[in-house]
>>> print(open('upload-v6.cif').read())   # mmCIF, C-alpha atoms
data_protein
loop_
_atom_site.label_atom_id
_atom_site.label_comp_id
_atom_site.auth_asym_id
_atom_site.auth_seq_id
_atom_site.Cartn_x
_atom_site.Cartn_y
_atom_site.Cartn_z
CA MET X 1 -32.35 74.13 42.53
CA PHE X 2 -35.32 71.74 42.56
CA LYS X 3 -35.64 72.15 38.81
CA ARG X 4 -32.03 71.10 38.37
CA ILE X 5 -32.57 68.08 40.59
CA TYR X 6 -35.74 67.26 38.64
CA ASN X 7 -33.89 67.56 35.34
CA PHE X 8 -31.10 65.38 36.64
CA VAL X 9 -33.56 62.68 37.79
CA LEU X 10 -35.36 62.92 34.46
CA LEU X 11 -32.12 62.46 32.60
CA PHE X 12 -31.34 59.30 34.54
CA LYS X 13 -34.93 58.25 35.14
CA GLU X 14 -34.22 54.59 34.33
CA TYR X 15 -31.53 54.42 36.98
CA ALA X 16 -33.63 56.40 39.45
CA VAL X 17 -36.64 54.11 39.02
CA PHE X 18 -34.44 51.02 39.08
CA SER X 19 -32.75 52.16 42.31
CA LEU X 20 -36.08 53.01 43.90
CA LEU X 21 -37.60 49.65 43.00
CA LEU X 22 -34.50 47.83 44.23
CA VAL X 23 -34.76 49.62 47.56
CA VAL X 24 -38.47 48.77 47.82
CA SER X 25 -37.72 45.12 47.00
CA LEU X 26 -34.94 44.96 49.55
CA VAL X 27 -37.17 46.50 52.21
CA LEU X 28 -39.88 43.95 51.42
CA MET X 29 -37.32 41.17 51.64
CA ALA X 30 -36.02 42.47 54.93
CA LEU X 31 -39.52 42.11 56.38
CA ASN X 32 -39.23 38.34 56.01
CA ASP X 33 -37.94 36.27 58.87
CA ASN X 34 -36.69 33.09 57.23
CA THR X 35 -33.38 31.23 57.19
CA GLN X 36 -32.07 33.11 54.18
CA ILE X 37 -32.70 36.54 55.61
CA ARG X 38 -31.23 35.56 58.96
CA HIS X 39 -28.15 34.30 57.14
CA VAL X 40 -27.91 37.43 55.00
CA ARG X 41 -28.28 39.55 58.15
CA GLY X 42 -25.46 37.58 59.75
CA VAL X 43 -23.22 38.00 56.72
CA ALA X 44 -24.11 41.69 56.49
CA THR X 45 -23.29 42.19 60.16
CA VAL X 46 -19.88 40.55 59.74
CA ALA X 47 -19.20 42.51 56.54
CA PHE X 48 -20.26 45.75 58.21
CA GLY X 49 -18.04 44.96 61.19
CA ILE X 50 -15.04 44.32 58.95
CA ALA X 51 -15.69 47.49 56.95
CA GLN X 52 -16.13 49.50 60.11
CA ASN X 53 -12.92 48.05 61.50
CA GLN X 54 -11.03 48.89 58.31
CA LEU X 55 -12.42 52.43 58.31
CA ALA X 56 -11.80 52.99 62.00
CA PHE X 57 -8.82 55.22 61.19
CA VAL X 58 -11.15 57.80 59.62
CA PRO X 59 -11.70 60.42 62.33
CA ARG X 60 -15.28 60.91 63.37
CA TYR X 61 -15.61 64.52 64.36
CA PHE X 62 -18.64 64.41 66.63
CA SER X 63 -17.66 61.27 68.45
CA LEU X 64 -14.14 62.67 68.81
CA ARG X 65 -15.56 65.80 70.37
CA ARG X 66 -17.66 63.78 72.81
CA GLU X 67 -14.71 61.57 73.56
CA ASN X 68 -12.54 64.61 74.10
CA ASP X 69 -15.02 66.07 76.59
CA LEU X 70 -15.24 62.77 78.37
CA LEU X 71 -11.46 62.47 78.51
CA ARG X 72 -11.17 65.99 79.87
CA ARG X 73 -13.64 65.21 82.63
CA THR X 74 -11.88 61.93 83.36
CA ASN X 75 -8.56 63.75 83.42
CA VAL X 76 -9.83 66.22 86.01
CA ASP X 77 -11.26 63.39 88.12
CA LEU X 78 -8.04 61.39 87.86
CA ALA X 79 -5.88 64.41 88.66
CA ASP X 80 -8.01 65.02 91.75
CA GLU X 81 -7.78 61.38 92.72
CA ALA X 82 -4.01 61.33 92.11
CA SER X 83 -3.64 64.40 94.30
CA GLN X 84 -5.60 62.71 97.08
CA LEU X 85 -3.56 59.54 96.70
CA ARG X 86 -0.30 61.51 96.82
CA GLU X 87 -1.53 63.24 99.96
CA ALA X 88 -2.54 59.90 101.46
CA LYS X 89 0.86 58.40 100.58
CA LEU X 90 2.72 61.29 102.18
CA GLU X 91 0.55 61.05 105.26
CA ASN X 92 1.11 57.31 105.30
CA ASP X 93 4.89 57.83 105.15
CA ARG X 94 4.78 60.36 107.95
CA LEU X 95 2.59 58.13 110.10
CA ARG X 96 4.86 55.14 109.46
CA ARG X 97 7.84 57.15 110.66
CA LEU X 98 5.84 58.29 113.68
CA LEU X 99 4.87 54.70 114.31
CA GLY X 100 8.56 53.92 114.49
CA VAL X 101 8.91 56.64 117.14
CA LYS X 102 5.98 55.18 119.04
CA GLU X 103 7.37 51.67 118.98
CA THR X 104 10.74 52.76 120.33
CA SER X 105 9.34 55.00 123.03
CA ARG X 106 9.38 53.75 126.59
CA TYR X 107 6.66 56.20 127.60
CA PRO X 108 2.98 56.42 126.68
CA LEU X 109 2.42 58.71 123.71
CA VAL X 110 -0.52 60.89 122.77
CA ALA X 111 -0.93 61.39 119.05
CA ALA X 112 -1.80 64.90 117.88
CA LYS X 113 -2.07 66.90 114.73
CA VAL X 114 -0.50 70.28 114.30
CA VAL X 115 -3.44 72.64 113.84
CA GLY X 116 -1.55 75.91 114.10
CA LYS X 117 1.97 77.20 113.60
CA ASN X 118 3.64 80.37 114.73
CA LEU X 119 7.11 80.35 113.23
CA THR X 120 7.90 83.99 112.64
CA LEU X 121 8.44 85.34 116.12
CA LEU X 122 11.08 85.15 118.79
CA ARG X 123 8.87 82.83 120.78
CA ASN X 124 7.69 80.38 118.18
CA THR X 125 4.98 77.86 119.03
CA LEU X 126 2.81 75.12 117.59
CA THR X 127 -0.82 74.44 118.44
CA LEU X 128 -1.88 70.78 118.72
CA ASN X 129 -5.37 69.27 118.71
CA ALA X 130 -4.83 67.34 121.95
CA GLY X 131 -5.41 68.80 125.39
CA LYS X 132 -6.14 68.05 129.01
CA LEU X 133 -8.91 65.63 128.17
CA ASP X 134 -6.39 63.60 126.18
CA GLY X 135 -4.02 63.46 129.12
CA VAL X 136 -1.73 66.27 128.04
CA MET X 137 -0.10 68.36 130.74
CA PRO X 138 2.29 71.32 130.68
CA ARG X 139 6.03 70.51 130.44
CA MET X 140 5.41 67.27 128.56
CA PRO X 141 7.92 66.80 125.74
CA VAL X 142 6.71 66.66 122.15
CA VAL X 143 8.42 64.51 119.52
CA GLY X 144 8.08 64.09 115.79
CA ASP X 145 9.46 61.56 113.33
CA GLY X 146 12.78 63.47 113.22
CA GLY X 147 13.16 63.82 116.97
CA LEU X 148 12.46 66.43 119.62
CA VAL X 149 9.94 69.12 118.69
CA GLY X 150 9.58 71.05 121.93
CA VAL X 151 7.71 71.10 125.18
CA VAL X 152 4.07 71.74 126.04
CA SER X 153 3.74 75.18 127.57
CA ASN X 154 -0.02 75.70 127.85
CA VAL X 155 -2.96 73.33 127.80
CA SER X 156 -6.72 73.69 127.38
CA ASP X 157 -9.30 70.92 127.32
CA HIS X 158 -8.82 70.10 123.65
CA TYR X 159 -5.71 71.96 122.57
CA SER X 160 -2.19 72.52 123.70
CA VAL X 161 0.55 74.98 122.78
CA VAL X 162 4.08 73.73 122.27
CA ARG X 163 7.18 75.78 122.80
CA ILE X 164 9.43 74.55 120.02
CA LEU X 165 13.21 74.39 119.72
CA TYR X 166 13.17 77.73 117.86
CA ASN X 167 11.86 79.60 120.87
CA ALA X 168 14.00 81.99 122.89
CA ASP X 169 12.61 80.54 126.15
CA PHE X 170 13.34 76.94 125.19
CA ARG X 171 16.11 75.08 126.98
CA ALA X 172 17.04 71.43 126.97
CA SER X 173 19.92 69.50 128.37
CA ALA X 174 21.58 67.75 125.44
CA LYS X 175 24.36 65.23 124.94
CA ASN X 176 26.73 64.47 122.09
CA GLN X 177 25.97 60.82 121.48
CA ARG X 178 29.48 59.98 120.21
CA ALA X 179 31.73 62.08 122.48
CA ARG X 180 29.39 62.04 125.51
CA VAL X 181 29.80 65.80 125.83
CA ASP X 182 26.91 67.66 127.48
CA GLY X 183 25.55 71.10 126.81
CA ILE X 184 22.44 73.22 126.90
CA LEU X 185 20.34 73.45 123.76
CA ALA X 186 19.07 76.97 123.17
CA TRP X 187 18.01 79.28 120.36
CA ASP X 188 19.52 82.75 120.24
CA GLY X 189 17.00 84.14 117.81
CA ASP X 190 19.15 83.23 114.80
CA ASP X 191 20.74 79.84 115.35
CA LEU X 192 20.01 76.75 117.35
CA LEU X 193 23.06 76.21 119.54
CA LEU X 194 24.55 73.69 121.90
CA THR X 195 25.90 76.06 124.56
CA ASN X 196 28.29 75.57 127.45
CA VAL X 197 30.62 73.36 125.41
CA ALA X 198 34.16 73.99 126.56
CA LYS X 199 36.79 74.67 123.87
CA ASN X 200 38.79 71.58 124.70
CA LEU X 201 35.88 69.17 124.25
CA ASP X 202 35.57 66.88 121.22
CA VAL X 203 32.62 68.03 119.09
CA VAL X 204 32.69 67.73 115.34
CA VAL X 205 30.26 68.39 112.54
CA GLY X 206 27.87 65.48 112.00
CA ASP X 207 27.73 64.38 115.62
CA THR X 208 24.25 63.39 116.75
CA LEU X 209 22.72 65.12 119.72
CA VAL X 210 20.18 63.50 122.06
CA THR X 211 18.50 64.58 125.26
CA SER X 212 20.67 64.14 128.28
CA ASP X 213 20.14 62.06 131.42
CA TYR X 214 20.53 65.26 133.39
CA SER X 215 17.28 66.71 132.15
CA SER X 216 14.33 66.65 134.48
CA THR X 217 11.89 67.64 131.70
CA TYR X 218 12.87 65.25 128.89
CA PRO X 219 13.43 61.57 128.98
CA PRO X 220 16.98 60.66 127.95
CA ASN X 221 18.09 59.72 124.47
CA ILE X 222 15.46 61.49 122.39
CA ARG X 223 17.11 62.52 119.17
CA ILE X 224 17.47 66.29 118.79
CA GLY X 225 19.50 66.69 115.62
CA THR X 226 23.07 66.90 114.38
CA VAL X 227 25.97 69.29 114.78
CA SER X 228 26.05 71.43 111.65
CA GLY X 229 28.94 73.70 112.53
CA VAL X 230 31.60 74.26 115.19
CA ALA X 231 33.33 77.61 115.63
CA GLU X 232 35.83 79.06 118.09
CA GLN X 233 34.73 82.26 119.87
CA GLN X 234 37.25 84.96 120.63
CA GLY X 235 37.43 85.82 124.30
CA SER X 236 35.22 82.94 125.37
CA LEU X 237 35.83 79.62 127.11
CA PHE X 238 33.19 77.90 125.03
CA LYS X 239 32.80 76.77 121.43
CA ARG X 240 29.94 77.95 119.28
CA VAL X 241 28.24 74.71 118.27
CA LEU X 242 25.50 75.04 115.66
CA VAL X 243 22.75 72.44 115.66
CA LEU X 244 20.52 71.31 112.82
CA PRO X 245 17.30 69.90 114.31
CA GLY X 246 16.04 66.54 113.12
CA VAL X 247 12.55 67.93 112.71
CA ASP X 248 11.50 70.06 109.77
CA PHE X 249 9.17 72.51 111.48
CA VAL X 250 7.86 73.89 108.23
CA LYS X 251 6.58 70.47 107.09
CA LEU X 252 5.63 69.12 110.50
CA GLU X 253 2.01 67.88 110.62
CA GLU X 254 1.75 65.02 113.11
CA VAL X 255 3.46 64.68 116.48
CA PHE X 256 3.40 62.66 119.68
CA ILE X 257 3.19 64.13 123.15
CA VAL X 258 5.31 62.04 125.50
CA SER X 259 3.48 61.38 128.77
CA PHE X 260 6.67 61.82 130.70
CA VAL X 261 6.39 62.81 134.32
CA PRO X 262 9.70 63.75 135.96
CA ASP X 263 10.83 61.78 138.96
CA SER X 264 9.21 63.64 141.86
CA GLU X 265 11.80 62.47 144.41
CA ARG X 266 14.60 63.81 142.30
CA MET X 267 12.74 67.07 141.65
CA ASP X 268 12.04 67.56 145.35
CA LEU X 269 15.64 66.92 146.28
CA GLU X 270 17.02 69.30 143.67
CA GLN X 271 14.53 72.00 144.62
CA SER X 272 15.29 71.72 148.30
CA LEU X 273 19.01 72.01 147.62
CA GLN X 274 18.41 75.08 145.50
CA GLN X 275 16.31 76.65 148.25
CA LYS X 276 19.02 75.94 150.82
CA SER X 277 21.73 77.50 148.69
CA ARG X 278 19.62 80.65 148.23
CA ARG X 279 19.32 81.08 151.99
CA MET P 280 -53.92 53.14 28.08
CA GLU P 281 -55.26 50.17 26.16
CA HIS P 282 -51.73 48.88 25.93
CA TYR P 283 -51.37 48.92 29.71
CA VAL P 284 -54.70 47.17 30.22
CA ARG P 285 -53.68 44.46 27.77
CA SER P 286 -50.32 44.23 29.45
CA VAL P 287 -51.93 43.75 32.87
CA PHE P 288 -54.28 41.16 31.41
CA ALA P 289 -51.36 39.32 29.79
CA ILE P 290 -49.45 39.34 33.06
CA LEU P 291 -52.41 37.86 34.95
CA VAL P 292 -52.85 35.12 32.34
CA LEU P 293 -49.13 34.33 32.37
CA LEU P 294 -49.13 34.27 36.15
CA LEU P 295 -51.95 31.78 36.07
CA LEU P 296 -50.01 29.70 33.56
CA GLN P 297 -46.81 29.90 35.57
CA THR P 298 -48.49 28.66 38.73
CA THR P 299 -50.76 26.00 37.20
CA PHE P 300 -49.59 24.67 33.84
CA VAL P 301 -45.84 25.36 33.77
CA PRO P 302 -45.05 23.10 36.79
CA PHE P 303 -46.05 20.17 34.57
CA LEU P 304 -43.17 21.09 32.26
CA SER P 305 -40.63 20.61 35.03
CA ILE P 306 -37.40 18.90 33.94
CA GLY P 307 -35.15 17.84 36.77
CA GLY P 308 -36.95 20.27 39.05
CA PHE P 309 -36.29 23.23 36.76
CA LEU P 310 -39.10 25.33 35.32
CA PRO P 311 -39.17 27.88 32.52
CA ASP P 312 -40.15 31.38 33.65
CA VAL P 313 -42.85 32.65 31.27
CA LEU P 314 -43.28 35.84 33.27
CA LEU P 315 -39.63 36.63 32.69
CA ILE P 316 -40.07 36.08 28.96
CA TRP P 317 -42.85 38.66 29.09
CA VAL P 318 -40.59 41.13 30.89
CA VAL P 319 -37.92 40.63 28.20
CA TYR P 320 -40.54 41.21 25.51
CA ILE P 321 -41.54 44.50 27.19
CA ALA P 322 -37.86 45.47 27.43
CA VAL P 323 -37.21 44.84 23.73
CA THR P 324 -40.40 46.57 22.56
CA ARG P 325 -40.97 49.34 25.14
CA GLY P 326 -37.59 50.12 26.66
CA GLN P 327 -35.69 49.91 29.89
CA LEU P 328 -37.90 52.03 32.14
CA GLU P 329 -41.10 50.14 31.35
CA ALA P 330 -39.32 46.79 31.58
CA THR P 331 -37.95 47.66 35.00
CA ILE P 332 -41.37 48.67 36.31
CA THR P 333 -43.03 45.63 34.68
CA GLY P 334 -40.37 43.38 36.20
CA PHE P 335 -41.06 44.79 39.63
CA ALA P 336 -44.84 44.48 39.27
CA VAL P 337 -44.66 40.93 37.89
CA GLY P 338 -42.21 39.88 40.60
CA LEU P 339 -44.38 41.37 43.33
CA LEU P 340 -47.42 39.52 42.01
CA GLN P 341 -45.45 36.30 41.83
CA ASP P 342 -44.25 36.81 45.42
CA ALA P 343 -47.82 37.42 46.53
CA VAL P 344 -49.05 34.24 44.83
CA THR P 345 -46.23 31.91 45.82
CA SER P 346 -45.69 33.53 49.25
CA GLN P 347 -42.31 31.84 49.37
CA PHE P 348 -39.92 34.70 49.97
CA PHE P 349 -41.75 38.00 49.69
CA GLY P 350 -39.76 40.60 47.76
CA LEU P 351 -37.23 38.23 46.21
CA SER P 352 -38.94 37.84 42.83
CA ALA P 353 -39.67 41.58 42.79
CA LEU P 354 -35.97 42.25 43.26
CA THR P 355 -34.73 39.73 40.69
CA LYS P 356 -37.30 40.55 38.03
CA THR P 357 -36.66 44.28 38.45
CA LEU P 358 -32.99 43.58 37.78
CA ALA P 359 -33.83 41.29 34.85
CA GLY P 360 -36.06 43.95 33.30
CA PHE P 361 -33.38 46.57 33.77
CA VAL P 362 -30.68 44.36 32.16
CA ALA P 363 -32.95 43.35 29.27
CA GLY P 364 -33.71 47.03 28.73
CA TYR P 365 -30.16 47.59 27.52
CA PHE P 366 -31.06 45.64 24.37
CA PHE P 367 -33.88 47.99 23.44
CA ASN P 368 -33.37 49.58 20.05
CA ASP P 369 -36.37 51.22 18.45
CA ASN P 370 -35.06 50.54 14.93
CA LEU P 371 -34.17 46.90 15.52
CA THR P 372 -37.19 45.74 17.53
CA GLU P 373 -38.52 43.43 14.79
CA GLN P 374 -35.13 41.88 14.11
CA THR P 375 -34.52 41.34 17.78
CA LEU P 376 -37.92 39.77 18.36
CA GLY P 377 -37.75 37.50 15.29
CA SER P 378 -34.23 36.18 15.68
CA TYR P 379 -31.92 34.32 18.02
CA ARG P 380 -31.13 37.70 19.60
CA PHE P 381 -34.39 37.51 21.52
CA LEU P 382 -33.33 34.11 22.87
CA LEU P 383 -29.91 35.48 23.80
CA VAL P 384 -31.44 38.44 25.63
CA THR P 385 -33.85 36.07 27.36
CA PHE P 386 -31.00 33.79 28.40
CA LEU P 387 -28.85 36.64 29.66
CA SER P 388 -31.68 38.31 31.59
CA SER P 389 -32.78 34.96 32.92
CA PHE P 390 -29.24 34.15 34.01
CA VAL P 391 -28.87 37.47 35.85
CA HIS P 392 -32.32 36.90 37.36
CA ASN P 393 -31.55 33.32 38.43
CA ILE P 394 -28.06 33.93 39.72
CA LEU P 395 -29.41 36.61 42.06
CA TYR P 396 -32.50 34.59 42.90
CA TYR P 397 -30.60 31.42 43.82
CA GLY P 398 -27.80 33.45 45.35
CA ILE P 399 -30.24 34.78 47.91
CA PHE P 400 -32.62 31.85 48.06
CA LEU P 401 -29.88 29.33 48.86
CA GLN P 402 -28.26 31.48 51.56
CA GLY P 403 -27.87 29.49 54.74
CA ILE P 404 -29.42 26.41 53.10
CA GLN P 405 -26.86 25.14 50.61
CA ASP P 406 -23.21 24.56 51.53
CA ALA P 407 -21.59 24.61 48.06
CA LEU P 408 -23.40 27.83 47.32
CA LEU P 409 -21.46 29.13 44.32
CA THR P 410 -21.42 25.87 42.36
CA THR P 411 -25.09 25.14 43.02
CA MET P 412 -26.04 28.72 42.24
CA VAL P 413 -24.29 28.66 38.87
CA GLU P 414 -25.58 25.18 37.98
CA PHE P 415 -29.18 26.04 38.87
CA SER P 416 -28.94 29.39 37.09
CA ILE P 417 -27.56 27.98 33.87
CA ALA P 418 -30.08 25.14 33.77
CA ALA P 419 -33.09 27.31 34.54
CA SER P 420 -31.93 30.05 32.15
CA LEU P 421 -31.39 27.61 29.31
CA TYR P 422 -34.85 26.18 29.84
CA THR P 423 -36.42 29.64 29.90
CA ALA P 424 -34.51 30.70 26.78
CA LEU P 425 -35.59 27.51 25.05
CA MET P 426 -39.21 28.21 25.94
CA GLY P 427 -38.70 31.67 24.49
CA VAL P 428 -38.72 30.12 21.03
CA PHE P 429 -42.50 29.70 21.14
CA PRO P 430 -43.51 33.19 22.12
CA MET P 431 -40.76 34.57 19.88
CA PHE P 432 -42.88 33.82 16.78
CA THR P 433 -46.04 35.07 18.47
CA PHE P 434 -44.35 38.27 19.56
CA VAL P 435 -42.93 39.00 16.13
CA ARG P 436 -46.30 38.43 14.50
CA LYS P 437 -48.00 40.51 17.16
CA TYR P 438 -45.44 43.26 16.73
CA ARG P 439 -45.77 43.24 12.92
CA PHE P 440 -49.53 43.41 13.28
CA SER P 441 -49.40 46.36 15.67
CA GLN P 442 -46.97 48.17 13.36
CA SER P 443 -49.17 47.62 10.32
CA LEU P 444 -52.12 49.35 11.96
#
>>> encode(input="upload-v6.cif", output="structure tokens")
Amino acid sequence: MFKRIYNFVLLFKEYAVFSLLLVVSLVLMALNDNTQIRHVRGVATVAFGIAQNQLAFVPRYFSLRRENDLLRRTNVDLADEASQLREAKLENDRLRRLLGVKETSRYPLVAAKVVGKNLTLLRNTLTLNAGKLDGVMPRMPVVGDGGLVGVVSNVSDHYSVVRILYNADFRASAKNQRARVDGILAWDGDDLLLTNVAKNLDVVVGDTLVTSDYSSTYPPNIRIGTVSGVAEQQGSLFKRVLVLPGVDFVKLEEVFIVSFVPDSERMDLEQSLQQKSRR
Amino acid sequence: MEHYVRSVFAILVLLLLQTTFVPFLSIGGFLPDVLLIWVVYIAVTRGQLEATITGFAVGLLQDAVTSQFFGLSALTKTLAGFVAGYFFNDNLTEQTLGSYRFLLVTFLSSFVHNILYYGIFLQGIQDALLTTMVEFSIAASLYTALMGVFPMFTFVRKYRFSQSL
């Protein structure tokens, strides 16, 4: 191999020596620092820049590999950031809607996050991260951006459990906002229903339901949901009115606890009447 | 070996001449380059390789003495020696040395030498670079080629003498 190189150099020894001496001369010239060399350096830099620019389309493997790695890392970082931003946007949207609830509420509200859900039983509940120390008490209504969520059933210092609409023990006095027809909102284990609606009353699909003035637990006019179906029941005086709640319990994350305390005078009067009738 | 010693001695003498006596022959600021004539003589008599190396050595010495632009004369004289080397023909050495061909080779080598020399030397100094470069190169090359007439006869005699030995 070396012999072949040697023979090749020997064959073109004039050119080899000439090239070598040219290189030595150029190196010696480059050691100068005069006007000419500075000018030549400037011209060379411009020429090199132009050449490099013209040859930029030629792929450079190693730099491409480095660039690829960098882009991958950047991609992961950006995907993470985008995910966080999406999450923040969704949270922002939810909080804006909740803010709307807060602004329209006549009662003080306690903000809480849903920290636990139990949606697979007959007595479904939510756990909130607000408790006694936040001013939460049992029987306080809980609302979300879509309307009524349920009622507080148990409270500890920092947490509270909410009995939601899809709970067999839940009851609420409700009113058809359009037809002013009242009924009792209850869950039968399968469907959310507006019960005690007589057959002759005007209830149609799409009607909005709100809490009634008759309720001692809920303030009036909290949105509950809409009528999703109306059916006649054989051998019954009442219609079967299906209700679609305004709240999506699966996606629910933030709620407000309404610091609503029932009118004690009214409660006392109603209780005394009940006691009298029992005697 | 003796040839190389004589060659080195001749270079030193010519260098001395170039830096002391030749400036008195200046016409319009242009000087003949006696060292270049020597390089051409080496090219015609000894060949391209030796002329290239001689050109480099002579140029380097000239750079060291003039300390004007170190490396520039080395570069240009290397190129001149290499170009002049193309006119080396072992069978026609005498004819080349004793005829106008020597002057033509001297002019051509000198022109290549000067065009590169001024091309670099005038960078960033002269505005109309190309025109000045060509004008300077032609003038200086003509003067050098003209001065080649004198050594031409010396060289041919010297060459004939060395061949007769």
>>> interface_residues(input="upload-v6.cif", of="chain P", to="chain X", cutoff="10 Å", atoms="all atoms listed in the file", output="count of residues only")
34
>>> resolve_selection(input="upload-v6.cif", expression="the PyMOL selection byres ((chain X and resi 168) around 10)", output="list of chain:residue names")
X:Leu121, X:Leu122, X:Arg123, X:Asn124, X:Arg163, X:Ile164, X:Leu165, X:Tyr166, X:Asn167, X:Asp169, X:Phe170, X:Arg171, X:Ala186, X:Trp187, X:Asp188, X:Gly189, X:Asp190, X:Leu192
>>> resolve_selection(input="upload-v6.cif", expression="the PyMOL selection byres ((chain P and resi 300-311) around 6)", output="list in words")
Leu296, Gln297, Thr299, Asp312, Ala419, Tyr422 and Thr423 of chain P
>>> resolve_selection(input="upload-v6.cif", expression="the PyMOL selection byres ((chain X and resi 236) around 12)", output="NGL selection string")
:X and (195-200 or 231-235 or 237-240)
>>> residues_near_point(input="upload-v6.cif", point="(24.1, 62.4, 115.8)", cutoff="12 Å", atoms="all atoms listed in the file", output="PyMOL selection string")
chain X and resi 146-147+174-180+203-211+221-228+243-246
>>> residues_around(input="upload-v6.cif", residues="Met412 in chain P", least_positions_apart="4", cutoff="9 Å", atoms="only C-alpha atoms", output="number ranges by chain")
P: 393-398, 401, 407-408, 416-417
>>> atom_distance(input="upload-v6.cif", atom1="CA of Leu193 in chain X", atom2="CA of Gly116 in chain X")
25.2 Å
>>> atom_distance(input="upload-v6.cif", atom1="CA of Thr333 in chain P", atom2="CA of Gly427 in chain P")
17.8 Å
>>> atom_distance(input="upload-v6.cif", atom1="CA of Gln275 in chain X", atom2="CA of Thr217 in chain X")
19.4 Å
>>> residues_around(input="upload-v6.cif", residues="Val114 in chain X", least_positions_apart="2", cutoff="7 Å", atoms="only C-alpha atoms", output="list in words")
Ala112, Gly116, Leu126, Thr127, Leu128, Asn129, Glu253 and Glu254 of chain X
>>> residues_near_point(input="upload-v6.cif", point="(6.6, 71.2, 125.8)", cutoff="9 Å", atoms="only C-alpha atoms", output="list of chain:residue names")
X:Met137, X:Pro138, X:Arg139, X:Met140, X:Pro141, X:Val142, X:Val149, X:Gly150, X:Val151, X:Val152, X:Ser153, X:Asn154, X:Val161, X:Val162, X:Arg163, X:Ile164, X:Phe170, X:Thr217, X:Ile257
>>> closest_residue(input="upload-v6.cif", among="X:Lys3, X:Ser216, X:Val247, X:Leu55", to="Leu269 in chain X", atoms="only C-alpha atoms")
X:Ser216
